[in-house]
Protein chains: 2
Amino acid sequence: MIIVKIGGGSTINIPGVIEDLAALDEPYVVVHGANALRDKLAEDLGQPKQVLTSVKGYASVYSDEKLLDVMLMAYAGLRNKRIVELCQQRGINAVGLSGLDGKVVQGERNKGIRVYQGKKLKIVRDFSGKPHAVNAPLLRLLLDNGYVPVLTVPIIDEFNTAINTENDDVVRVLQQALAADTVINLIEAPGFLEDRDDAASLIKKIPASQLEAREQQVEGRMKRKMLAFRKLFEHGASRVIIADGRGEHPVKDALAGKGTVIE
Amino acid sequence: MIIVKIGGGSTINIPGVIEDLAALDEPYVVVHGANALRDKLAEDLGQPKQVLTSVKGYASVYSDEKLLDVMLMAYAGLRNKRIVELCQQRGINAVGLSGLDGKVVQGERNKGIRVYQGKKLKIVRDFSGKPHAVNAPLLRLLLDNGYVPVLTVPIIDEFNTAINTENDDVVRVLQQALAADTVINLIEAPGFLEDRDDAASLIKKIPASQLEAREQQVEGRMKRKMLAFRKLFEHGASRVIIADGRGEHPVKDALAGKGTVIE
């Protein structure tokens with residue numbers, strides 16, 4: 001079982017990804033983002049995304065009800081269904097699902113983010129949270145009957161409300177629930193870079209045992225990613241490939257070892 | 001088996017509909033529209049919908065690729081997933097699907113609409129068409145495992161491309177494929193009116209045998225609706241209820257005989 005995560009950047013070669021998927025022999029599940037599309041749509045609708053910075057210095061998108069509406073349009077609507085359409089054109093019988101559908105990805109809502117408003121400390125609660133479970137029987141039902149699940153955020157929280165979450169965390173709970181051995185993470189870079197401004201600094205291999213040390217060396221969003229990767233190995237993944245989603249054959253190249261292979 | 005069609009008008013009481021559905025004992029499938037939402041989104045994005053008028057005088061929405069994108073956002077994204085969310089909050093394990101997902105609603109693309117451009121006759125081909133088949137095994141798979149399918153346009157054509165279609169036609173192919181005996185059609189009116197500007201002119205009962213005669217008396221979109229209703233009876237429906245979607249309990253009221261009952 002392979003989990004293929006398609007990043008939400010605007011330069012990812014989605015038709016190339018789908019063409020490669022059509023040639024795969026192993027069963028797989030797709031998880032995709034749409035952040036560039038979401039940001040553009042939010043701008044076009046005159047409600048640009050707001051970023052909250054917690055008192056500890058972590059930045060996150062403020063996911064109010066309006067942003068969730070925009071996410072439903074961009075992720076679960078336009079991007080998800082155009083990917084499903086491409087899949088069908090390549091003979092992949094895809095079924096696109098948000099985490100709400102059949103409660104396929106269940107999470108818990110964040111308790112709130114502590115922010116300073118002027119000099120005042122305030123707790124801001126939005127529609128965001130962390131996934132902790134997957135409706136594996138629904139995914140198995142689809143897979144066993146020849147359908148390929150194509151998943152995206154939002155997910156559903158403990159109040160049965162739509163919430164935003166990180167796709168890396170969705171991949172983590174999926175990997176665990178489906179005992180996937182390989183995770184392919186397609187991004188807008190050649191892989192994991194030693195120096196993120198230098199494409200030539202690609203790290204070709206990272207032993208899984210070194211992930212914890214790497215986690216200490218990096219910052220911000222990459223730190224969270226490293227943690228998410230480490231957890232994949234704790235739950236039985238044997239290979240995580242971070243690869244370029246912009247090439248002609250992103251999945252084929254990734255499986256051939258291009259990019260950063262963690263194992 | 002009941003098919004519940006929720007109209008896409010802005011005043012439909014969707015939470016009330018879902019509350020009623022949660023109390024239903026019979027299996028059911030939901031089909032919903034989102035035309036008011038689509039039109040508003042298209043306006044907000046600065047690409048208002050265009051209407052084509054054929055040489056025969058029939059009006060239809062010009063469904064170009066951009067309009068399909070807007071439909072994917074409004075129907076398959078925002079409206080579909082917010083309905084699924086409401087369902088989950090009422091204990092209904094809904095799975096939202098566009099016609100593309102698992103090719104659940106398959107159609108054929110229109111050959112083109114003959115329009116006058118100035119004095120020149122032109123054939124305009126857009127992304128619209130008619131549904132002719134349903135992936136009944138996928139719907140049965142979901143229903144048999146406790147999931148409620150919540151369907152919406154677009155559907156998938158013979159080239160595996162997303163196309164726009166009339167929801168009444170989707171209901172028609174669904175009814176046939178699932179051998180549904182009851183169809184509830186929730187609209188922004190008390191039912192079928194003798195005089196469409198007079199809410200008091202509600203026709204309470206129409207014998208199915210009179211549908212053909214009625215079809216001759218009405219015009220435009222209503223003519224197409226009457227034809228669609230008539231076809232339901234040809235394929236085994238025993239009751240079609242056109243009822244007000246704006247009340248407190250739209251489905252309960254419809255099943256209690258409020259609105260127009262055709263049987």
# chains A, B, ... in the order shown; residues from 1 in each chain; ligands from 1
call {"tool": "select_by_dssp", "arguments": {"residues": "stretch 81-165 of chain B", "states": "strand (DSSP E)", "output": "ChimeraX atom specification"}}
result
/B:94-98,105-109,113-117,120-124,129-134,148-152,155-156,162-163
call {"tool": "write_last_selection", "arguments": {"atoms": "N, CA and C atoms", "output": "compact mmCIF listing (two decimals), in the first residue's frame"}}
result
# COMPACT_ATOMS: atom_id res chain seq x y z
N ALA B 94 -23.41 10.44 6.00
CA ALA B 94 -23.48 10.85 4.60
C ALA B 94 -22.13 10.76 3.92
N VAL B 95 -22.16 10.42 2.63
CA VAL B 95 -20.99 10.49 1.76
C VAL B 95 -21.39 11.34 0.56
N GLY B 96 -20.73 12.48 0.42
CA GLY B 96 -21.06 13.39 -0.69
C GLY B 96 -20.30 13.02 -1.94
N LEU B 97 -21.00 12.94 -3.04
CA LEU B 97 -20.38 12.57 -4.32
C LEU B 97 -20.87 13.47 -5.44
N SER B 98 -19.96 13.91 -6.29
CA SER B 98 -20.37 14.48 -7.57
C SER B 98 -20.56 13.30 -8.53
N VAL B 105 -22.71 9.16 -11.77
CA VAL B 105 -23.75 9.59 -12.73
C VAL B 105 -23.07 9.87 -14.08
N GLN B 106 -23.40 9.05 -15.06
CA GLN B 106 -22.77 9.10 -16.38
C GLN B 106 -23.73 9.68 -17.42
N GLY B 107 -23.19 10.57 -18.24
CA GLY B 107 -24.06 11.19 -19.23
C GLY B 107 -23.40 11.29 -20.59
N GLU B 108 -24.10 11.96 -21.48
CA GLU B 108 -23.58 12.17 -22.82
C GLU B 108 -23.61 13.67 -23.09
N ARG B 109 -22.52 14.14 -23.68
CA ARG B 109 -22.39 15.57 -23.90
C ARG B 109 -23.30 16.04 -25.04
N ILE B 113 -25.46 23.76 -29.31
CA ILE B 113 -26.69 24.54 -29.31
C ILE B 113 -26.62 25.49 -30.50
N ARG B 114 -27.66 25.51 -31.33
CA ARG B 114 -27.69 26.39 -32.49
C ARG B 114 -28.17 27.77 -32.04
N VAL B 115 -27.30 28.75 -32.18
CA VAL B 115 -27.65 30.11 -31.77
C VAL B 115 -27.36 31.08 -32.91
N TYR B 116 -28.03 32.21 -32.85
CA TYR B 116 -27.71 33.28 -33.80
C TYR B 116 -26.67 34.19 -33.17
N GLN B 117 -25.60 34.46 -33.90
CA GLN B 117 -24.63 35.46 -33.44
C GLN B 117 -24.73 36.58 -34.46
N LYS B 120 -25.66 35.53 -38.04
CA LYS B 120 -24.99 34.29 -38.42
C LYS B 120 -25.43 33.14 -37.52
N LEU B 121 -25.73 32.01 -38.12
CA LEU B 121 -26.09 30.82 -37.34
C LEU B 121 -24.80 30.13 -36.91
N LYS B 122 -24.73 29.81 -35.62
CA LYS B 122 -23.50 29.22 -35.10
C LYS B 122 -23.87 28.06 -34.17
N ILE B 123 -23.00 27.04 -34.15
CA ILE B 123 -23.24 25.96 -33.18
C ILE B 123 -22.25 26.12 -32.03
N VAL B 124 -22.81 26.29 -30.84
CA VAL B 124 -21.97 26.47 -29.66
C VAL B 124 -21.97 25.17 -28.86
N GLY B 129 -24.82 18.32 -20.86
CA GLY B 129 -25.31 17.10 -21.48
C GLY B 129 -26.41 16.46 -20.67
N LYS B 130 -26.71 15.21 -20.99
CA LYS B 130 -27.81 14.50 -20.32
C LYS B 130 -27.30 13.23 -19.66
N PRO B 131 -27.77 12.97 -18.44
CA PRO B 131 -27.38 11.72 -17.78
C PRO B 131 -28.12 10.55 -18.40
N HIS B 132 -27.47 9.40 -18.52
CA HIS B 132 -28.20 8.23 -19.00
C HIS B 132 -27.95 6.98 -18.18
N ALA B 133 -27.01 7.04 -17.26
CA ALA B 133 -26.77 5.84 -16.44
C ALA B 133 -26.21 6.22 -15.08
N VAL B 134 -26.34 5.30 -14.16
CA VAL B 134 -25.90 5.48 -12.79
C VAL B 134 -25.03 4.29 -12.41
N VAL B 148 -25.24 7.17 3.52
CA VAL B 148 -26.26 7.84 2.71
C VAL B 148 -25.57 8.66 1.62
N PRO B 149 -25.74 8.28 0.35
CA PRO B 149 -25.15 9.06 -0.73
C PRO B 149 -25.84 10.42 -0.87
N VAL B 150 -25.03 11.47 -0.95
CA VAL B 150 -25.54 12.83 -1.17
C VAL B 150 -24.93 13.29 -2.49
N LEU B 151 -25.75 13.30 -3.53
CA LEU B 151 -25.24 13.50 -4.89
C LEU B 151 -25.47 14.90 -5.42
N THR B 152 -24.57 15.32 -6.28
CA THR B 152 -24.75 16.61 -6.94
C THR B 152 -24.05 16.63 -8.30
N ILE B 155 -21.80 15.91 -13.66
CA ILE B 155 -21.73 14.48 -13.90
C ILE B 155 -20.57 14.23 -14.87
N ILE B 156 -20.37 12.98 -15.24
CA ILE B 156 -19.23 12.66 -16.12
C ILE B 156 -19.74 12.23 -17.50
N ALA B 162 -16.10 16.46 -16.97
CA ALA B 162 -17.19 16.99 -16.14
C ALA B 162 -18.15 17.80 -17.01
N ILE B 163 -19.44 17.50 -16.89
CA ILE B 163 -20.45 18.30 -17.60
C ILE B 163 -21.59 18.68 -16.66
call {"tool": "select_by_dssp", "arguments": {"residues": "stretch 39-259 of chain B", "states": "helix (DSSP H, G or I)", "output": "PyMOL selection string"}}
result
chain B and resi 39-44+65-89+101-103+136-144+167-178+199-201+208-217+220-234+250-255
call {"tool": "interface_residues", "arguments": {"of": "chain B", "to": "chain A", "cutoff": "7 Å", "atoms": "only C-alpha atoms", "output": "PDB file with all heavy atoms, in the first residue's frame"}}
result
ATOM      1  N   ASP B  44     -19.406  37.122  -7.741  1.00  0.00           N
ATOM      2  CA  ASP B  44     -18.316  37.556  -6.859  1.00  0.00           C
ATOM      3  C   ASP B  44     -16.955  37.411  -7.533  1.00  0.00           C
ATOM      4  O   ASP B  44     -16.024  38.161  -7.246  1.00  0.00           O
ATOM      5  CB  ASP B  44     -18.316  36.757  -5.546  1.00  0.00           C
ATOM      6  CG  ASP B  44     -19.477  37.140  -4.640  1.00  0.00           C
ATOM      7  OD1 ASP B  44     -20.153  38.160  -4.935  1.00  0.00           O
ATOM      8  OD2 ASP B  44     -19.731  36.419  -3.651  1.00  0.00           O
ATOM      9  N   LEU B  45     -16.839  36.427  -8.405  1.00  0.00           N
ATOM     10  CA  LEU B  45     -15.566  36.199  -9.090  1.00  0.00           C
ATOM     11  C   LEU B  45     -15.481  36.981 -10.395  1.00  0.00           C
ATOM     12  O   LEU B  45     -14.515  36.841 -11.153  1.00  0.00           O
ATOM     13  CB  LEU B  45     -15.358  34.700  -9.352  1.00  0.00           C
ATOM     14  CG  LEU B  45     -15.154  33.844  -8.099  1.00  0.00           C
ATOM     15  CD1 LEU B  45     -15.144  32.364  -8.442  1.00  0.00           C
ATOM     16  CD2 LEU B  45     -13.846  34.218  -7.385  1.00  0.00           C
ATOM     17  N   ASP B  69     -15.812  25.123 -13.344  1.00  0.00           N
ATOM     18  CA  ASP B  69     -14.977  25.339 -12.148  1.00  0.00           C
ATOM     19  C   ASP B  69     -15.823  25.926 -11.011  1.00  0.00           C
ATOM     20  O   ASP B  69     -15.732  25.480  -9.856  1.00  0.00           O
ATOM     21  CB  ASP B  69     -13.822  26.301 -12.463  1.00  0.00           C
ATOM     22  CG  ASP B  69     -12.664  25.611 -13.180  1.00  0.00           C
ATOM     23  OD1 ASP B  69     -12.674  24.373 -13.308  1.00  0.00           O
ATOM     24  OD2 ASP B  69     -11.731  26.328 -13.596  1.00  0.00           O
ATOM     25  N   LEU B  72     -18.073  23.271  -9.630  1.00  0.00           N
ATOM     26  CA  LEU B  72     -17.355  22.339  -8.758  1.00  0.00           C
ATOM     27  C   LEU B  72     -17.172  22.942  -7.373  1.00  0.00           C
ATOM     28  O   LEU B  72     -17.281  22.258  -6.362  1.00  0.00           O
ATOM     29  CB  LEU B  72     -15.998  21.969  -9.376  1.00  0.00           C
ATOM     30  CG  LEU B  72     -16.089  21.074 -10.622  1.00  0.00           C
ATOM     31  CD1 LEU B  72     -14.745  20.973 -11.319  1.00  0.00           C
ATOM     32  CD2 LEU B  72     -16.595  19.681 -10.242  1.00  0.00           C
ATOM     33  N   MET B  73     -16.921  24.256  -7.351  1.00  0.00           N
ATOM     34  CA  MET B  73     -16.754  24.927  -6.050  1.00  0.00           C
ATOM     35  C   MET B  73     -18.075  25.023  -5.290  1.00  0.00           C
ATOM     36  O   MET B  73     -18.140  24.710  -4.111  1.00  0.00           O
ATOM     37  CB  MET B  73     -16.159  26.317  -6.263  1.00  0.00           C
ATOM     38  CG  MET B  73     -14.725  26.290  -6.745  1.00  0.00           C
ATOM     39  SD  MET B  73     -13.928  27.918  -6.660  1.00  0.00           S
ATOM     40  CE  MET B  73     -14.176  28.514  -8.317  1.00  0.00           C
ATOM     41  N   ALA B  74     -19.128  25.449  -5.990  1.00  0.00           N
ATOM     42  CA  ALA B  74     -20.398  25.727  -5.321  1.00  0.00           C
ATOM     43  C   ALA B  74     -21.185  24.455  -4.998  1.00  0.00           C
ATOM     44  O   ALA B  74     -21.639  24.271  -3.865  1.00  0.00           O
ATOM     45  CB  ALA B  74     -21.244  26.659  -6.183  1.00  0.00           C
ATOM     46  N   ALA B  76     -20.225  20.846  -5.712  1.00  0.00           N
ATOM     47  CA  ALA B  76     -19.490  19.684  -5.192  1.00  0.00           C
ATOM     48  C   ALA B  76     -18.645  20.038  -3.973  1.00  0.00           C
ATOM     49  O   ALA B  76     -18.315  19.175  -3.168  1.00  0.00           O
ATOM     50  CB  ALA B  76     -18.605  19.091  -6.290  1.00  0.00           C
ATOM     51  N   GLY B  77     -18.299  21.329  -3.844  1.00  0.00           N
ATOM     52  CA  GLY B  77     -17.494  21.762  -2.709  1.00  0.00           C
ATOM     53  C   GLY B  77     -18.360  22.264  -1.572  1.00  0.00           C
ATOM     54  O   GLY B  77     -18.808  21.496  -0.717  1.00  0.00           O
ATOM     55  N   LEU B  78     -18.637  23.551  -1.594  1.00  0.00           N
ATOM     56  CA  LEU B  78     -19.286  24.201  -0.447  1.00  0.00           C
ATOM     57  C   LEU B  78     -20.639  23.597  -0.077  1.00  0.00           C
ATOM     58  O   LEU B  78     -20.834  23.160   1.061  1.00  0.00           O
ATOM     59  CB  LEU B  78     -19.419  25.701  -0.734  1.00  0.00           C
ATOM     60  CG  LEU B  78     -19.994  26.558   0.390  1.00  0.00           C
ATOM     61  CD1 LEU B  78     -19.295  26.309   1.709  1.00  0.00           C
ATOM     62  CD2 LEU B  78     -19.894  28.038   0.006  1.00  0.00           C
ATOM     63  N   LYS B  81     -20.550  19.660   0.866  1.00  0.00           N
ATOM     64  CA  LYS B  81     -19.871  19.294   2.110  1.00  0.00           C
ATOM     65  C   LYS B  81     -20.550  19.897   3.340  1.00  0.00           C
ATOM     66  O   LYS B  81     -20.510  19.303   4.421  1.00  0.00           O
ATOM     67  CB  LYS B  81     -18.393  19.678   2.058  1.00  0.00           C
ATOM     68  CG  LYS B  81     -17.612  18.983   0.946  1.00  0.00           C
ATOM     69  CD  LYS B  81     -17.919  17.488   0.809  1.00  0.00           C
ATOM     70  CE  LYS B  81     -17.286  16.882  -0.443  1.00  0.00           C
ATOM     71  NZ  LYS B  81     -17.936  15.581  -0.802  1.00  0.00           N
ATOM     72  N   VAL B  84     -23.281  17.476   3.973  1.00  0.00           N
ATOM     73  CA  VAL B  84     -22.713  16.282   4.609  1.00  0.00           C
ATOM     74  C   VAL B  84     -22.435  16.558   6.093  1.00  0.00           C
ATOM     75  O   VAL B  84     -22.745  15.747   6.967  1.00  0.00           O
ATOM     76  CB  VAL B  84     -21.415  15.834   3.883  1.00  0.00           C
ATOM     77  CG1 VAL B  84     -20.642  14.802   4.702  1.00  0.00           C
ATOM     78  CG2 VAL B  84     -21.757  15.277   2.499  1.00  0.00           C
ATOM     79  N   GLU B  85     -21.892  17.745   6.372  1.00  0.00           N
ATOM     80  CA  GLU B  85     -21.602  18.137   7.760  1.00  0.00           C
ATOM     81  C   GLU B  85     -22.889  18.148   8.600  1.00  0.00           C
ATOM     82  O   GLU B  85     -22.931  17.594   9.712  1.00  0.00           O
ATOM     83  CB  GLU B  85     -20.946  19.519   7.748  1.00  0.00           C
ATOM     84  CG  GLU B  85     -20.525  20.043   9.112  1.00  0.00           C
ATOM     85  CD  GLU B  85     -20.013  21.485   9.017  1.00  0.00           C
ATOM     86  OE1 GLU B  85     -20.616  22.297   8.273  1.00  0.00           O
ATOM     87  OE2 GLU B  85     -19.005  21.800   9.693  1.00  0.00           O
ATOM     88  N   GLN B  88     -23.967  14.623   9.283  1.00  0.00           N
ATOM     89  CA  GLN B  88     -23.160  13.986  10.332  1.00  0.00           C
ATOM     90  C   GLN B  88     -23.588  14.497  11.711  1.00  0.00           C
ATOM     91  O   GLN B  88     -23.619  13.746  12.680  1.00  0.00           O
ATOM     92  CB  GLN B  88     -21.664  14.236  10.098  1.00  0.00           C
ATOM     93  CG  GLN B  88     -21.100  13.583   8.830  1.00  0.00           C
ATOM     94  CD  GLN B  88     -21.050  12.052   8.887  1.00  0.00           C
ATOM     95  OE1 GLN B  88     -21.322  11.446   9.927  1.00  0.00           O
ATOM     96  NE2 GLN B  88     -20.722  11.437   7.761  1.00  0.00           N
ATOM     97  N   GLN B  89     -23.942  15.770  11.791  1.00  0.00           N
ATOM     98  CA  GLN B  89     -24.368  16.334  13.073  1.00  0.00           C
ATOM     99  C   GLN B  89     -25.701  15.747  13.535  1.00  0.00           C
ATOM    100  O   GLN B  89     -26.023  15.763  14.717  1.00  0.00           O
ATOM    101  CB  GLN B  89     -24.450  17.863  12.980  1.00  0.00           C
ATOM    102  CG  GLN B  89     -23.050  18.483  12.922  1.00  0.00           C
ATOM    103  CD  GLN B  89     -23.033  19.947  12.549  1.00  0.00           C
ATOM    104  OE1 GLN B  89     -24.081  20.562  12.341  1.00  0.00           O
ATOM    105  NE2 GLN B  89     -21.847  20.507  12.432  1.00  0.00           N
ATOM    106  N   ASN B  93     -24.802   9.116   8.359  1.00  0.00           N
ATOM    107  CA  ASN B  93     -23.432   8.925   7.872  1.00  0.00           C
ATOM    108  C   ASN B  93     -23.380   9.159   6.357  1.00  0.00           C
ATOM    109  O   ASN B  93     -23.298   8.232   5.550  1.00  0.00           O
ATOM    110  CB  ASN B  93     -22.908   7.550   8.255  1.00  0.00           C
ATOM    111  CG  ASN B  93     -21.386   7.530   8.317  1.00  0.00           C
ATOM    112  OD1 ASN B  93     -20.717   8.515   7.945  1.00  0.00           O
ATOM    113  ND2 ASN B  93     -20.829   6.431   8.784  1.00  0.00           N
ATOM    114  N   ALA B  94     -23.413  10.437   5.999  1.00  0.00           N
ATOM    115  CA  ALA B  94     -23.481  10.847   4.601  1.00  0.00           C
ATOM    116  C   ALA B  94     -22.129  10.763   3.919  1.00  0.00           C
ATOM    117  O   ALA B  94     -21.093  11.001   4.536  1.00  0.00           O
ATOM    118  CB  ALA B  94     -24.011  12.272   4.515  1.00  0.00           C
ATOM    119  N   VAL B  95     -22.165  10.418   2.633  1.00  0.00           N
ATOM    120  CA  VAL B  95     -20.987  10.486   1.762  1.00  0.00           C
ATOM    121  C   VAL B  95     -21.386  11.336   0.558  1.00  0.00           C
ATOM    122  O   VAL B  95     -22.284  10.967  -0.198  1.00  0.00           O
ATOM    123  CB  VAL B  95     -20.527   9.085   1.308  1.00  0.00           C
ATOM    124  CG1 VAL B  95     -19.418   9.192   0.257  1.00  0.00           C
ATOM    125  CG2 VAL B  95     -20.033   8.271   2.502  1.00  0.00           C
ATOM    126  N   GLY B  96     -20.735  12.478   0.416  1.00  0.00           N
ATOM    127  CA  GLY B  96     -21.060  13.386  -0.686  1.00  0.00           C
ATOM    128  C   GLY B  96     -20.297  13.021  -1.939  1.00  0.00           C
ATOM    129  O   GLY B  96     -19.087  12.790  -1.881  1.00  0.00           O
ATOM    130  N   LEU B 100     -18.905  12.653 -10.977  1.00  0.00           N
ATOM    131  CA  LEU B 100     -17.588  12.177 -11.419  1.00  0.00           C
ATOM    132  C   LEU B 100     -17.051  11.057 -10.536  1.00  0.00           C
ATOM    133  O   LEU B 100     -16.327  10.179 -10.998  1.00  0.00           O
ATOM    134  CB  LEU B 100     -16.569  13.331 -11.363  1.00  0.00           C
ATOM    135  CG  LEU B 100     -16.843  14.590 -12.185  1.00  0.00           C
ATOM    136  CD1 LEU B 100     -16.021  15.766 -11.650  1.00  0.00           C
ATOM    137  CD2 LEU B 100     -16.511  14.352 -13.643  1.00  0.00           C
ATOM    138  N   ASP B 101     -17.388  11.129  -9.255  1.00  0.00           N
ATOM    139  CA  ASP B 101     -16.802  10.208  -8.271  1.00  0.00           C
ATOM    140  C   ASP B 101     -17.302   8.789  -8.510  1.00  0.00           C
ATOM    141  O   ASP B 101     -18.505   8.528  -8.411  1.00  0.00           O
ATOM    142  CB  ASP B 101     -17.137  10.675  -6.857  1.00  0.00           C
ATOM    143  CG  ASP B 101     -16.538  12.044  -6.572  1.00  0.00           C
ATOM    144  OD1 ASP B 101     -15.304  12.142  -6.531  1.00  0.00           O
ATOM    145  OD2 ASP B 101     -17.309  13.015  -6.413  1.00  0.00           O
ATOM    146  N   GLY B 102     -16.382   7.888  -8.806  1.00  0.00           N
ATOM    147  CA  GLY B 102     -16.767   6.517  -9.126  1.00  0.00           C
ATOM    148  C   GLY B 102     -17.697   6.473 -10.333  1.00  0.00           C
ATOM    149  O   GLY B 102     -18.447   5.528 -10.494  1.00  0.00           O
ATOM    150  N   TYR B 147     -24.162   3.942   4.664  1.00  0.00           N
ATOM    151  CA  TYR B 147     -23.871   5.313   4.238  1.00  0.00           C
ATOM    152  C   TYR B 147     -25.017   5.866   3.389  1.00  0.00           C
ATOM    153  O   TYR B 147     -25.665   5.111   2.666  1.00  0.00           O
ATOM    154  CB  TYR B 147     -22.575   5.356   3.418  1.00  0.00           C
ATOM    155  CG  TYR B 147     -21.378   4.875   4.201  1.00  0.00           C
ATOM    156  CD1 TYR B 147     -20.877   3.588   4.028  1.00  0.00           C
ATOM    157  CD2 TYR B 147     -20.765   5.699   5.148  1.00  0.00           C
ATOM    158  CE1 TYR B 147     -19.791   3.130   4.759  1.00  0.00           C
ATOM    159  CE2 TYR B 147     -19.683   5.252   5.883  1.00  0.00           C
ATOM    160  CZ  TYR B 147     -19.196   3.968   5.686  1.00  0.00           C
ATOM    161  OH  TYR B 147     -18.130   3.518   6.416  1.00  0.00           O
ATOM    162  N   ASN B 160     -15.178  11.172 -20.231  1.00  0.00           N
ATOM    163  CA  ASN B 160     -14.728  11.300 -18.842  1.00  0.00           C
ATOM    164  C   ASN B 160     -14.420  12.753 -18.486  1.00  0.00           C
ATOM    165  O   ASN B 160     -13.454  13.044 -17.774  1.00  0.00           O
ATOM    166  CB  ASN B 160     -13.525  10.398 -18.574  1.00  0.00           C
ATOM    167  CG  ASN B 160     -13.909   8.934 -18.571  1.00  0.00           C
ATOM    168  OD1 ASN B 160     -14.881   8.550 -17.915  1.00  0.00           O
ATOM    169  ND2 ASN B 160     -13.186   8.121 -19.311  1.00  0.00           N
ATOM    170  N   THR B 161     -15.256  13.637 -18.966  1.00  0.00           N
ATOM    171  CA  THR B 161     -15.136  15.062 -18.677  1.00  0.00           C
ATOM    172  C   THR B 161     -16.336  15.498 -17.843  1.00  0.00           C
ATOM    173  O   THR B 161     -17.432  14.974 -18.008  1.00  0.00           O
ATOM    174  CB  THR B 161     -15.097  15.847 -20.010  1.00  0.00           C
ATOM    175  OG1 THR B 161     -14.002  15.385 -20.784  1.00  0.00           O
ATOM    176  CG2 THR B 161     -14.974  17.345 -19.776  1.00  0.00           C
ATOM    177  N   ALA B 162     -16.101  16.461 -16.969  1.00  0.00           N
ATOM    178  CA  ALA B 162     -17.188  16.992 -16.140  1.00  0.00           C
ATOM    179  C   ALA B 162     -18.151  17.804 -17.008  1.00  0.00           C
ATOM    180  O   ALA B 162     -17.719  18.675 -17.759  1.00  0.00           O
ATOM    181  CB  ALA B 162     -16.611  17.878 -15.047  1.00  0.00           C
TER     182      ALA B 162
END
call {"tool": "closest_residue", "arguments": {"among": "B:Lys40, B:Lys205, B:Lys49, B:Arg172", "to": "B:Val4", "atoms": "only C-alpha atoms"}}
result
B:Arg172
call {"tool": "closest_residue", "arguments": {"among": "A:Lys225, A:Pro190, A:Ala237, A:Glu166", "to": "A:Leu178", "atoms": "only C-alpha atoms"}}
result
A:Ala237
call {"tool": "atom_distance", "arguments": {"atom1": "atom CA of A:Asp197", "atom2": "atom CA of A:Ser10"}}
result
18.5 Å
call {"tool": "atom_distance", "arguments": {"atom1": "atom CA of B:Gln217", "atom2": "atom CA of B:Leu193"}}
result
12.4 Å
